[in-house]
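Source file: entry_21.tsv. Holds: TSV, C-alpha atoms and all ligand atoms.
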chain	number	residue	atom	x	y	z
A	1	MET	CA	13.42	-13.12	16.58
A	2	PRO	CA	9.99	-14.32	15.43
A	3	THR	CA	9.29	-15.33	11.83
A	4	ILE	CA	6.62	-13.27	10.06
A	5	LEU	CA	4.63	-14.39	7.03
A	6	VAL	CA	4.13	-11.43	4.68
A	7	THR	CA	1.52	-12.08	2.00
A	8	GLY	CA	1.83	-9.76	-0.98
A	9	GLY	CA	5.39	-8.91	0.08
A	10	ALA	CA	6.46	-8.31	-3.54
A	11	GLY	CA	4.05	-5.38	-3.88
A	12	TYR	CA	4.45	-1.71	-3.05
A	13	ILE	CA	3.51	-1.49	0.64
A	14	GLY	CA	4.25	-5.18	1.29
A	15	SER	CA	7.86	-4.93	0.10
A	16	HIS	CA	8.55	-1.78	2.12
A	17	THR	CA	7.12	-3.50	5.20
A	18	ALA	CA	9.16	-6.65	4.56
A	19	LYS	CA	12.26	-4.44	4.36
A	20	ARG	CA	11.39	-2.75	7.65
A	21	LEU	CA	10.82	-6.15	9.30
A	22	LEU	CA	14.20	-7.42	8.07
A	23	GLU	CA	15.86	-4.24	9.36
A	24	ALA	CA	14.21	-4.89	12.73
A	25	ASP	CA	15.78	-8.40	12.66
A	26	TYR	CA	12.58	-10.37	12.08
A	27	HIS	CA	12.77	-13.41	9.83
A	28	VAL	CA	10.47	-12.96	6.86
A	29	VAL	CA	8.62	-15.42	4.63
A	30	VAL	CA	7.03	-13.66	1.65
A	31	LEU	CA	4.11	-15.42	-0.03
A	32	ASP	CA	3.07	-13.74	-3.27
A	33	ASN	CA	1.39	-15.04	-6.42
A	34	MET	CA	3.39	-12.47	-8.48
A	35	ARG	CA	0.38	-11.32	-10.46
A	36	THR	CA	1.18	-7.72	-9.53
A	37	GLY	CA	4.28	-8.28	-7.40
A	38	HIS	CA	7.81	-7.62	-8.61
A	39	ARG	CA	10.79	-9.97	-8.94
A	40	TRP	CA	13.15	-7.06	-8.46
A	41	ALA	CA	11.55	-6.26	-5.09
A	42	ILE	CA	12.14	-9.86	-4.00
A	43	GLU	CA	15.76	-9.70	-5.20
A	44	ARG	CA	16.35	-6.53	-3.25
A	45	LEU	CA	14.82	-7.98	-0.09
A	46	ARG	CA	17.00	-11.06	-0.53
A	47	ARG	CA	20.07	-8.87	-0.84
A	48	LEU	CA	19.12	-6.87	2.22
A	49	ALA	CA	18.68	-10.07	4.25
A	50	GLU	CA	22.11	-11.29	3.11
A	51	GLN	CA	23.65	-8.15	4.58
A	52	GLY	CA	22.11	-8.81	7.99
A	53	SER	CA	21.34	-11.78	10.17
A	54	SER	CA	17.67	-12.30	9.27
A	55	GLN	CA	16.39	-15.18	7.23
A	56	PHE	CA	14.41	-14.29	4.10
A	57	VAL	CA	12.34	-16.81	2.16
A	58	PHE	CA	10.24	-16.15	-0.92
A	59	VAL	CA	7.49	-18.54	-1.99
A	60	GLN	CA	5.38	-18.00	-5.08
A	61	GLY	CA	1.88	-19.15	-4.30
A	62	ASP	CA	-1.67	-18.31	-3.43
A	63	VAL	CA	-2.89	-17.19	-0.01
A	64	ALA	CA	-5.94	-19.44	-0.44
A	65	ASP	CA	-3.74	-22.54	-0.77
A	66	THR	CA	-4.43	-23.84	2.73
A	67	ALA	CA	-1.99	-26.74	2.54
A	68	LEU	CA	0.79	-24.40	1.43
A	69	VAL	CA	0.10	-21.86	4.18
A	70	VAL	CA	-0.03	-24.56	6.87
A	71	ARG	CA	3.21	-26.06	5.54
A	72	LEU	CA	4.97	-22.67	5.56
A	73	VAL	CA	3.84	-21.98	9.12
A	74	HIS	CA	5.20	-25.32	10.34
A	75	GLU	CA	8.35	-25.35	8.22
A	76	TYR	CA	9.50	-21.85	9.17
A	77	GLY	CA	7.90	-21.51	12.61
A	78	VAL	CA	5.74	-18.56	11.56
A	79	GLU	CA	4.44	-16.69	14.62
A	80	ALA	CA	2.47	-13.89	12.96
A	81	ALA	CA	1.25	-12.79	9.54
A	82	VAL	CA	0.97	-9.44	7.81
A	83	HIS	CA	-1.65	-9.77	5.09
A	84	PHE	CA	-1.31	-7.44	2.08
A	85	ALA	CA	-2.11	-9.66	-0.90
A	86	ALA	CA	-5.24	-8.20	-2.49
A	87	LEU	CA	-6.69	-6.38	-5.44
A	88	SER	CA	-6.72	-2.65	-4.73
A	89	LEU	CA	-8.18	-0.65	-7.59
A	90	VAL	CA	-11.31	1.21	-6.54
A	91	GLY	CA	-12.40	1.80	-10.15
A	92	GLU	CA	-11.94	-1.84	-11.14
A	93	SER	CA	-13.94	-2.88	-8.09
A	94	MET	CA	-16.91	-0.83	-9.35
A	95	GLN	CA	-16.76	-2.67	-12.68
A	96	HIS	CA	-16.00	-6.16	-11.38
A	97	PRO	CA	-17.20	-6.39	-7.77
A	98	GLU	CA	-17.17	-10.20	-7.97
A	99	ARG	CA	-13.38	-10.15	-8.40
A	100	TYR	CA	-13.00	-8.23	-5.15
A	101	PHE	CA	-15.22	-10.61	-3.21
A	102	ALA	CA	-13.46	-13.65	-4.67
A	103	GLU	CA	-9.84	-12.42	-4.50
A	104	ASN	CA	-9.96	-10.31	-1.36
A	105	VAL	CA	-12.76	-11.71	0.79
A	106	ALA	CA	-12.88	-15.42	-0.06
A	107	LYS	CA	-9.11	-15.79	-0.30
A	108	GLY	CA	-8.52	-13.68	2.79
A	109	ILE	CA	-10.86	-15.86	4.82
A	110	ALA	CA	-9.18	-19.00	3.48
A	111	LEU	CA	-5.84	-17.56	4.62
A	112	PHE	CA	-7.11	-16.66	8.10
A	113	ASN	CA	-8.62	-20.12	8.42
A	114	ALA	CA	-5.29	-21.75	7.51
A	115	LEU	CA	-3.47	-19.51	10.00
A	116	VAL	CA	-5.89	-20.42	12.80
A	117	VAL	CA	-5.63	-24.13	11.94
A	118	ALA	CA	-1.83	-23.90	11.93
A	119	GLY	CA	-1.80	-22.12	15.31
A	120	VAL	CA	-0.81	-18.60	14.22
A	121	ARG	CA	-2.30	-16.15	16.69
A	122	TYR	CA	-1.49	-12.72	15.30
A	123	VAL	CA	-2.40	-10.93	12.09
A	124	VAL	CA	-1.74	-7.38	10.96
A	125	PHE	CA	-4.18	-6.65	8.16
A	126	SER	CA	-3.81	-4.17	5.33
A	127	SER	CA	-7.09	-2.24	5.37
A	128	THR	CA	-8.00	1.13	3.95
A	129	ALA	CA	-9.58	4.50	4.66
A	130	ALA	CA	-12.03	3.48	1.91
A	131	VAL	CA	-13.98	1.64	4.68
A	132	TYR	CA	-15.25	5.05	5.86
A	133	GLY	CA	-16.82	6.18	2.58
A	134	ILE	CA	-17.71	9.87	2.82
A	135	PRO	CA	-17.03	10.63	6.48
A	136	GLU	CA	-19.36	12.80	8.54
A	137	ARG	CA	-16.41	14.68	10.00
A	138	VAL	CA	-12.69	15.14	9.31
A	139	PRO	CA	-10.15	14.33	10.57
A	140	ILE	CA	-11.58	10.83	10.64
A	141	ALA	CA	-11.46	9.23	14.08
A	142	GLU	CA	-11.15	5.47	14.38
A	143	ASP	CA	-14.62	5.13	15.90
A	144	THR	CA	-16.27	6.80	12.90
A	145	PRO	CA	-18.99	4.53	11.49
A	146	THR	CA	-17.89	2.67	8.35
A	147	HIS	CA	-19.90	3.07	5.11
A	148	PRO	CA	-17.75	1.84	2.23
A	149	LEU	CA	-18.80	3.29	-1.12
A	150	ASN	CA	-17.20	0.69	-3.37
A	151	PRO	CA	-16.59	-3.09	-3.40
A	152	TYR	CA	-12.88	-2.56	-2.70
A	153	GLY	CA	-13.62	-0.76	0.59
A	154	ALA	CA	-16.42	-3.22	1.34
A	155	SER	CA	-14.11	-6.21	0.81
A	156	LYS	CA	-11.61	-4.80	3.31
A	157	ARG	CA	-14.36	-4.02	5.82
A	158	MET	CA	-15.68	-7.59	5.54
A	159	LEU	CA	-12.26	-8.98	6.35
A	160	GLU	CA	-11.92	-6.63	9.34
A	161	GLU	CA	-15.19	-8.08	10.60
A	162	ALA	CA	-14.09	-11.67	9.93
A	163	LEU	CA	-10.92	-10.98	11.91
A	164	ARG	CA	-12.93	-9.57	14.78
A	165	TRP	CA	-15.08	-12.68	14.98
A	166	LEU	CA	-12.10	-15.02	14.72
A	167	GLY	CA	-10.67	-13.14	17.70
A	168	GLU	CA	-13.93	-13.56	19.64
A	169	VAL	CA	-13.88	-17.31	19.24
A	170	HIS	CA	-10.24	-18.38	18.87
A	171	PRO	CA	-7.04	-17.47	20.70
A	172	PHE	CA	-6.31	-15.07	17.84
A	173	ARG	CA	-5.79	-11.30	17.69
A	174	SER	CA	-5.43	-8.84	14.85
A	175	ILE	CA	-4.88	-5.19	14.09
A	176	SER	CA	-6.36	-3.80	10.89
A	177	LEU	CA	-4.48	-0.78	9.60
A	178	ARG	CA	-6.66	1.63	7.66
A	179	TYR	CA	-4.25	3.34	5.32
A	180	PHE	CA	-4.88	6.77	3.96
A	181	ASN	CA	-2.90	7.64	0.78
A	182	ALA	CA	0.31	5.64	0.69
A	183	ALA	CA	2.96	7.59	-1.20
A	184	GLY	CA	6.70	8.00	-1.75
A	185	ALA	CA	9.46	5.44	-1.88
A	186	ASP	CA	12.13	3.84	0.23
A	187	PRO	CA	14.62	6.64	1.05
A	188	ASP	CA	17.49	4.18	0.46
A	189	GLY	CA	16.27	3.88	-3.14
A	190	TRP	CA	15.85	0.09	-2.92
A	191	LEU	CA	12.10	-0.05	-3.42
A	192	GLY	CA	9.30	2.10	-4.77
A	193	GLU	CA	5.90	2.31	-6.39
A	194	ALA	CA	5.42	0.61	-9.77
A	195	HIS	CA	1.80	-0.21	-10.50
A	196	ASP	CA	0.57	-1.35	-13.89
A	197	PRO	CA	-1.76	0.30	-14.63
A	198	GLU	CA	-0.84	3.29	-12.48
A	199	THR	CA	-3.84	5.21	-11.15
A	200	HIS	CA	-2.33	7.16	-8.24
A	201	LEU	CA	-1.81	10.88	-8.30
A	202	ILE	CA	1.85	11.30	-7.33
A	203	PRO	CA	3.37	8.69	-9.68
A	204	LEU	CA	1.13	9.88	-12.52
A	205	ALA	CA	2.16	13.51	-11.95
A	206	ILE	CA	5.83	12.48	-11.92
A	207	ARG	CA	5.48	10.36	-15.03
A	208	SER	CA	3.75	13.22	-16.83
A	209	VAL	CA	6.97	15.25	-16.67
A	210	LEU	CA	9.23	12.43	-17.91
A	211	CYS	CA	10.25	11.58	-21.46
A	212	PRO	CA	9.84	7.88	-22.30
A	213	ASP	CA	13.58	7.23	-22.15
A	214	GLU	CA	13.74	8.81	-18.68
A	215	ASP	CA	10.94	6.69	-17.30
A	216	ARG	CA	12.90	4.10	-15.33
A	217	VAL	CA	9.79	2.78	-13.60
A	218	ALA	CA	8.12	2.06	-16.95
A	219	GLN	CA	11.31	0.28	-18.01
A	220	LEU	CA	11.29	-1.70	-14.77
A	221	LEU	CA	7.76	-2.76	-15.63
A	222	GLY	CA	9.01	-4.03	-18.95
A	223	TYR	CA	8.20	-1.14	-21.27
A	224	SER	CA	11.06	-0.32	-23.55
A	225	PRO	CA	11.40	3.28	-24.74
A	226	THR	CA	12.73	1.92	-28.02
A	227	GLN	CA	9.60	-0.07	-28.75
A	228	ASP	CA	7.72	1.06	-31.83
A	229	GLN	CA	4.74	1.99	-29.74
A	230	PRO	CA	5.59	5.06	-27.68
A	231	LEU	CA	4.53	5.07	-24.06
A	232	ASP	CA	1.06	6.37	-23.59
A	233	ARG	CA	1.79	9.61	-21.77
A	234	PRO	CA	-1.23	11.89	-21.68
A	235	PRO	CA	-1.20	14.99	-19.50
A	236	LEU	CA	-2.33	14.59	-15.91
A	237	ARG	CA	-6.09	14.72	-15.64
A	238	LEU	CA	-7.21	16.73	-12.62
A	239	PHE	CA	-10.40	15.03	-11.48
A	240	GLY	CA	-12.77	17.70	-10.19
A	241	THR	CA	-12.17	21.39	-9.51
A	242	ASP	CA	-15.52	22.18	-7.89
A	243	TYR	CA	-15.21	20.35	-4.57
A	244	PRO	CA	-16.08	22.24	-1.36
A	245	THR	CA	-12.39	22.72	-0.51
A	246	PRO	CA	-10.25	25.91	-0.50
A	247	ASP	CA	-8.94	25.39	-4.07
A	248	GLY	CA	-11.81	23.21	-5.31
A	249	THR	CA	-9.75	20.00	-5.57
A	250	CYS	CA	-9.83	16.89	-3.35
A	251	ILE	CA	-7.80	16.81	-0.17
A	252	ARG	CA	-5.96	13.65	0.89
A	253	ASP	CA	-3.67	12.58	3.71
A	254	TYR	CA	-0.47	11.36	2.03
A	255	ILE	CA	1.39	8.94	4.28
A	256	HIS	CA	4.96	8.00	3.37
A	257	VAL	CA	5.31	4.31	2.66
A	258	SER	CA	8.21	3.95	5.13
A	259	ASP	CA	6.08	5.47	7.91
A	260	LEU	CA	3.35	3.07	6.87
A	261	ALA	CA	5.80	0.17	7.00
A	262	GLU	CA	6.86	1.22	10.49
A	263	ALA	CA	3.19	1.26	11.56
A	264	HIS	CA	3.02	-2.46	10.71
A	265	VAL	CA	5.98	-3.18	12.97
A	266	VAL	CA	4.36	-1.18	15.78
A	267	ALA	CA	1.09	-3.11	15.29
A	268	LEU	CA	2.89	-6.45	15.20
A	269	GLU	CA	4.81	-5.70	18.38
A	270	ALA	CA	1.65	-4.49	20.09
A	271	LEU	CA	-0.02	-7.82	19.26
A	272	LEU	CA	2.99	-9.80	20.49
A	273	ASP	CA	2.78	-7.71	23.71
A	274	GLY	CA	-0.88	-8.64	24.25
A	275	HIS	CA	-2.77	-5.80	22.54
A	276	PRO	CA	-6.41	-6.74	21.80
A	277	THR	CA	-7.95	-6.87	18.33
A	278	ASP	CA	-8.43	-3.39	16.94
A	279	CYS	CA	-8.58	-1.12	13.87
A	280	TRP	CA	-6.13	1.76	13.59
A	281	ASN	CA	-5.88	4.65	11.15
A	282	VAL	CA	-2.53	5.32	9.49
A	283	GLY	CA	-2.11	8.87	8.25
A	284	THR	CA	-0.28	12.06	9.11
A	285	GLY	CA	-3.30	14.18	10.04
A	286	GLU	CA	-2.29	16.72	7.35
A	287	GLY	CA	-4.31	17.11	4.19
A	288	TYR	CA	-3.07	18.33	0.80
A	289	SER	CA	-5.17	19.18	-2.23
A	290	VAL	CA	-4.56	17.79	-5.71
A	291	ARG	CA	-3.32	21.23	-6.77
A	292	GLN	CA	-0.87	21.28	-3.85
A	293	VAL	CA	0.43	17.86	-4.92
A	294	ILE	CA	0.94	19.13	-8.48
A	295	ASP	CA	2.75	22.18	-7.10
A	296	ALA	CA	5.00	19.95	-4.95
A	297	VAL	CA	5.83	17.76	-7.96
A	298	GLU	CA	6.72	20.86	-9.99
A	299	ARG	CA	8.95	22.24	-7.25
A	300	VAL	CA	10.72	18.92	-6.64
A	301	THR	CA	11.26	18.10	-10.32
A	302	GLY	CA	11.76	21.64	-11.59
A	303	ARG	CA	9.38	20.81	-14.47
A	304	THR	CA	5.85	21.84	-15.32
A	305	VAL	CA	3.17	19.19	-14.93
A	306	PRO	CA	0.90	19.23	-18.00
A	307	VAL	CA	-2.62	19.33	-16.53
A	308	VAL	CA	-6.06	19.07	-18.07
A	309	GLU	CA	-9.09	19.69	-15.90
A	310	ALA	CA	-11.51	16.78	-16.00
A	311	PRO	CA	-14.85	15.96	-14.34
A	312	ARG	CA	-14.96	14.50	-10.86
A	313	ARG	CA	-13.94	10.84	-10.63
A	314	PRO	CA	-16.96	8.87	-9.37
A	315	GLY	CA	-16.69	7.87	-5.73
A	316	ASP	CA	-13.99	10.36	-4.71
A	317	PRO	CA	-14.80	11.89	-1.30
A	318	PRO	CA	-13.84	15.61	-1.10
A	319	VAL	CA	-11.63	15.31	2.00
A	320	LEU	CA	-9.97	12.31	3.66
A	321	VAL	CA	-7.65	13.11	6.55
A	322	ALA	CA	-6.79	10.72	9.36
A	323	GLU	CA	-6.78	11.03	13.08
A	324	ALA	CA	-4.23	8.34	13.96
A	325	LYS	CA	-4.67	8.50	17.73
A	326	LYS	CA	-4.19	4.83	18.51
A	327	LEU	CA	-0.85	4.50	16.74
A	328	LYS	CA	0.40	7.76	18.20
A	329	ARG	CA	-0.50	6.58	21.68
A	330	LEU	CA	2.01	3.76	21.15
A	331	GLY	CA	4.76	6.20	20.18
A	332	TRP	CA	4.43	6.05	16.37
A	333	GLU	CA	4.94	9.38	14.65
A	334	PRO	CA	5.27	9.92	10.90
A	335	LYS	CA	8.77	11.07	9.96
A	336	TYR	CA	7.55	12.49	6.65
A	337	THR	CA	5.07	15.27	7.34
A	338	GLU	CA	6.06	17.54	4.46
A	339	LEU	CA	4.48	16.74	1.12
A	340	ARG	CA	7.59	17.86	-0.73
A	341	ALA	CA	9.76	15.42	1.23
A	342	ILE	CA	7.41	12.58	0.29
A	343	VAL	CA	7.40	13.59	-3.37
A	344	HIS	CA	11.18	13.88	-3.28
A	345	THR	CA	11.60	10.20	-2.35
A	346	ALA	CA	9.20	9.23	-5.16
A	347	TRP	CA	11.16	11.38	-7.64
A	348	ARG	CA	14.47	9.82	-6.57
A	349	TRP	CA	12.96	6.37	-7.09
A	350	HIS	CA	11.67	7.31	-10.53
A	351	ASN	CA	15.20	8.35	-11.45
A	352	ALA	CA	17.04	5.43	-9.93
A	353	ALA	CA	14.63	2.54	-10.33
A	354	LEU	CA	16.85	0.56	-12.66
A	355	GLU	CA	19.95	0.73	-10.48
A	356	LEU	CA	20.76	-2.29	-8.29
A	357	VAL	CA	18.68	-4.60	-10.46
A	358	PRO	CA	20.22	-6.97	-12.99
A	359	SER	CA	18.51	-6.43	-16.35
A	360	SER	CA	17.07	-9.97	-16.28
A	361	GLN	CA	15.07	-8.93	-13.20
A	362	ASN	CA	13.65	-5.82	-14.73
A	363	ARG	CA	10.35	-7.24	-15.79
A	364	ALA	CA	7.37	-7.63	-13.53
A	365	ILE	CA	6.14	-11.22	-13.54
A	401	LIG	N1	-6.39	12.28	-9.02
A	401	LIG	C1	-6.42	13.13	-10.11
A	401	LIG	N2	-5.88	12.66	-11.27
A	401	LIG	C2	-5.33	11.41	-11.40
A	401	LIG	C3	-5.30	10.57	-10.27
A	401	LIG	C4	-5.85	11.05	-9.09
A	401	LIG	O1	-6.92	14.25	-10.04
A	401	LIG	O2	-4.88	11.06	-12.50
A	401	LIG	C5	-6.96	12.76	-7.75
A	401	LIG	C6	-8.11	11.89	-7.27
A	401	LIG	O3	-9.32	12.32	-7.82
A	401	LIG	C7	-8.01	12.11	-5.77
A	401	LIG	C8	-6.52	12.32	-5.51
A	401	LIG	O4	-5.97	12.67	-6.77
A	401	LIG	O5	-8.69	13.26	-5.40
A	401	LIG	C9	-5.81	11.08	-5.00
A	401	LIG	O6	-6.10	10.00	-5.88
A	401	LIG	P1	-5.38	8.59	-5.82
A	401	LIG	O7	-5.94	7.77	-6.92
A	401	LIG	O8	-3.90	8.80	-5.78
A	401	LIG	O9	-5.80	8.03	-4.41
A	401	LIG	P2	-7.27	7.79	-3.80
A	401	LIG	O10	-7.46	8.85	-2.75
A	401	LIG	O11	-8.31	7.72	-4.84
A	401	LIG	O12	-7.15	6.33	-3.23
A	401	LIG	C10	-6.25	5.92	-2.22
A	401	LIG	C11	-5.92	4.46	-2.43
A	401	LIG	C12	-7.15	3.61	-2.31
A	401	LIG	C13	-7.82	3.87	-1.01
A	401	LIG	C14	-8.05	5.34	-0.79
A	401	LIG	C15	-8.54	5.56	0.60
A	401	LIG	O13	-5.33	4.29	-3.71
A	401	LIG	O14	-6.77	2.26	-2.39
A	401	LIG	O15	-6.84	6.09	-0.97
A	401	LIG	O16	-8.45	6.85	0.98
A	401	LIG	F1	-9.00	3.25	-1.00

Any chance you could give the structure as structure tokens?
Amino acid sequence: MPTILVTGGAGYIGSHTAKRLLEADYHVVVLDNMRTGHRWAIERLRRLAEQGSSQFVFVQGDVADTALVVRLVHEYGVEAAVHFAALSLVGESMQHPERYFAENVAKGIALFNALVVAGVRYVVFSSTAAVYGIPERVPIAEDTPTHPLNPYGASKRMLEEALRWLGEVHPFRSISLRYFNAAGADPDGWLGEAHDPETHLIPLAIRSVLCPDEDRVAQLLGYSPTQDQPLDRPPLRLFGTDYPTPDGTCIRDYIHVSDLAEAHVVALEALLDGHPTDCWNVGTGEGYSVRQVIDAVERVTGRTVPVVEAPRRPGDPPVLVAEAKKLKRLGWEPKYTELRAIVHTAWRWHNAALELVPSSQNRAI
């Protein structure tokens, strides 16, 4: 089976995709600078590979290190790359746009350049629904004009365009996957979402119902419930209740991270089969409001989410729901279409995050 370079493979979506690739018998080389990636994710991927026949290699390094990327391609016979490594906080990008252009755009282009030089012909790129901005119509079709509203979305759109031009000129093809709201955790309980800081709705709603000593994800991130400083655990802030939606709160398309991981395998195999360069949406086509998410978290956990209503968060479009026609045409279908099922996997992960990991691995690097 081909060897796939996975940049950012120690992160949330990257590690789930690396797991899916290993399960599909691909050999995997993860390149991650470990600024936001997790050692425990790497250990779990290593363990998974040991149980099967795939080779798994982890290299700590930077995607913009051209010599390193070229060496990895030659040493391991890399045939394709899946590029996740990036900054991904919309709010931060509005405060420090330069970081997003340096880390995402400049480094992404350096990576693509190294891949082209080394003879890699296929890239699956981690893009985002944020390229659309406020869409004219929902569900959002893939030919909808892109108008990113923040530097994060703009940085992803720029890389999509760079990939398109590389494909025009070189024997090189790519598929950019525009994710809607990635959510949930590996149903096997091996991997899950652990951002620091956490800004996403579902993990924040789950954490709002946990006591510090129950918060396994916080412990995995290195916070000890016995520390003098208690964990900062404010109630969930509900950003905006006056949107033009049935219950006044924003509607999003929550796509389970395992379905998202599978979409990368479908894209990769399409490229290996000769599919031209393209951009595909990845979502379920179903939208849920913030209040519906809170309700799902309450039903799954059996606890009440403490909520305070807050003003709108700048830059939040009222409704983002995907039309994922291109993926579906290739036979991809999300397995998780029920919000409660997605939340359930996240809840299981929040309860079991410390299992399987030796305590020395419990800190993010
Ligand atoms: N929300 C709250 N309170 C919170 C956190 C979120 O009310 O504490 C609301 C947001 O206002 C939004 C919804 O919950 O309406 C979902 O918010 P998330 O932060 O979980 O996700 P976003 O929709 O803002 O962003 C996600 C990805 C981005 C990507 C975007 C594209 O995190 O990287 O989808 O659709 F750009």

Please give me, as a list of chain:residue names, the residues lying within 7 Å of ligand LIG 401 (chain A) when counting all atoms listed in the file. A:Ser88, A:Leu89, A:Val90, A:Thr128, A:Ala129, A:Ala130, A:Gly153, A:Tyr179, A:Phe180, A:Asn181, A:Thr199, A:His200, A:Leu201, A:Ile202, A:Leu204, A:Leu236, A:Arg237, A:Leu238, A:Phe239, A:Gly240, A:Thr249, A:Cys250, A:Ile251, A:Arg252, A:Val290, A:Arg312, A:Arg313, A:Asp316, A:Leu320

Rank A:Asp273, A:Pro311, A:Ala185, A:Ala267 by their smallest atom-to-atom distance to Ala346 in chain A, using only C-alpha atoms, and report the top residue only.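 Residue with the minimum atom-to-atom distance to Ala346 in chain A: A:Ala185.
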
May I ask which of the residues A:Cys211, A:Ala49, A:Ala141, A:Leu260 is the closest one to Arg303 in chain A, counting all atoms listed in the file?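 Going through A:Cys211, A:Ala49, A:Ala141, A:Leu260 one by one, the smallest distance to Arg303 in chain A is for A:Cys211.
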
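When only C-alpha atoms are used to measure the gap to Arg47 in chain A, the shortest distance among A:His96, A:Lys19, A:Arg178, A:Arg157 belongs to A:Lys19.
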
Report as a ChimeraX atom specification all protein, DNA and RNA residues lying within 8 Å of range 159-172 of chain A, evaluated on all atoms listed in the file, omitting residues in the same chain fewer than 5 positions from it. /A:105,108-109,112,116,120-122,125,127,277-279

Skipping near chain neighbours, those fewer than 3 positions away, what residues fall within 12 Å of Glu75 in chain A using all atoms listed in the file, listed as number ranges by chain? A: 3, 5, 29, 57, 67-72, 78-79, 118

If you measure from CA of Val266 in chain A to CA of Ala81 in chain A, what distance in Å do you get, rounded to one decimal?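 CA of Ala81 in chain A lies 13.5 Å from CA of Val266 in chain A.
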
Residue nearest Ile140 in chain A - candidates A:Gly61, A:Pro187, A:Pro246, A:Gly285, atoms counted: all atoms listed in the file: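 Residue with the minimum atom-to-atom distance to Ile140 in chain A: A:Gly285.
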
CA of Asn33 in chain A to CA of Gln60 in chain A: how many Å, to one decimal?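 Straight-line distance from CA of Asn33 in chain A to CA of Gln60 in chain A works out to 5.1 Å.
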
Taking 4 positions as the minimum chain separation for residues in the same chain, which residues sit within 10 Å of His16 in chain A when counting all atoms listed in the file? Answer as a ChimeraX atom specification. /A:9-12,20-22,41,45,185-186,190-193,257-262

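Note that CA of Tyr243 in chain A and CA of Glu136 in chain A are 15.7 Å apart.
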
Would you mind telling me which residue in A:Asn351, A:Gln219, A:Thr284, A:Ser126 lies nearest to Ile13 in chain A when using only C-alpha atoms? A:Ser126

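In terms of minimum interatomic distance to Ile206 in chain A, A:Val343 ranks closest within A:Leu327, A:Ile4, A:Val343, A:Ala85, counting all atoms listed in the file.
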
Using all atoms listed in the file, which residues sit within 12 Å of Lys107 in chain A once same-chain residues fewer than 2 positions away are excluded, as an mmCIF file with C-alpha atoms, in the coordinates of the input?
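The file below, selection_10.cif, is the result:
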data_model
loop_
_atom_site.group_PDB
_atom_site.id
_atom_site.type_symbol
_atom_site.label_atom_id
_atom_site.label_comp_id
_atom_site.auth_asym_id
_atom_site.auth_seq_id
_atom_site.Cartn_x
_atom_site.Cartn_y
_atom_site.Cartn_z
ATOM 1 C CA THR A 7 1.520 -12.080 2.000
ATOM 2 C CA ASP A 62 -1.670 -18.310 -3.430
ATOM 3 C CA VAL A 63 -2.890 -17.190 -0.010
ATOM 4 C CA ALA A 64 -5.940 -19.440 -0.440
ATOM 5 C CA ASP A 65 -3.740 -22.540 -0.770
ATOM 6 C CA THR A 66 -4.430 -23.840 2.730
ATOM 7 C CA VAL A 69 0.100 -21.860 4.180
ATOM 8 C CA HIS A 83 -1.650 -9.770 5.090
ATOM 9 C CA PHE A 84 -1.310 -7.440 2.080
ATOM 10 C CA ALA A 85 -2.110 -9.660 -0.900
ATOM 11 C CA ALA A 86 -5.240 -8.200 -2.490
ATOM 12 C CA LEU A 87 -6.690 -6.380 -5.440
ATOM 13 C CA ARG A 99 -13.380 -10.150 -8.400
ATOM 14 C CA TYR A 100 -13.000 -8.230 -5.150
ATOM 15 C CA PHE A 101 -15.220 -10.610 -3.210
ATOM 16 C CA ALA A 102 -13.460 -13.650 -4.670
ATOM 17 C CA GLU A 103 -9.840 -12.420 -4.500
ATOM 18 C CA ASN A 104 -9.960 -10.310 -1.360
ATOM 19 C CA VAL A 105 -12.760 -11.710 0.790
ATOM 20 C CA ILE A 109 -10.860 -15.860 4.820
ATOM 21 C CA ALA A 110 -9.180 -19.000 3.480
ATOM 22 C CA LEU A 111 -5.840 -17.560 4.620
ATOM 23 C CA PHE A 112 -7.110 -16.660 8.100
ATOM 24 C CA ASN A 113 -8.620 -20.120 8.420
ATOM 25 C CA ALA A 114 -5.290 -21.750 7.510
ATOM 26 C CA SER A 155 -14.110 -6.210 0.810
ATOM 27 C CA LYS A 156 -11.610 -4.800 3.310
ATOM 28 C CA LEU A 159 -12.260 -8.980 6.350
#
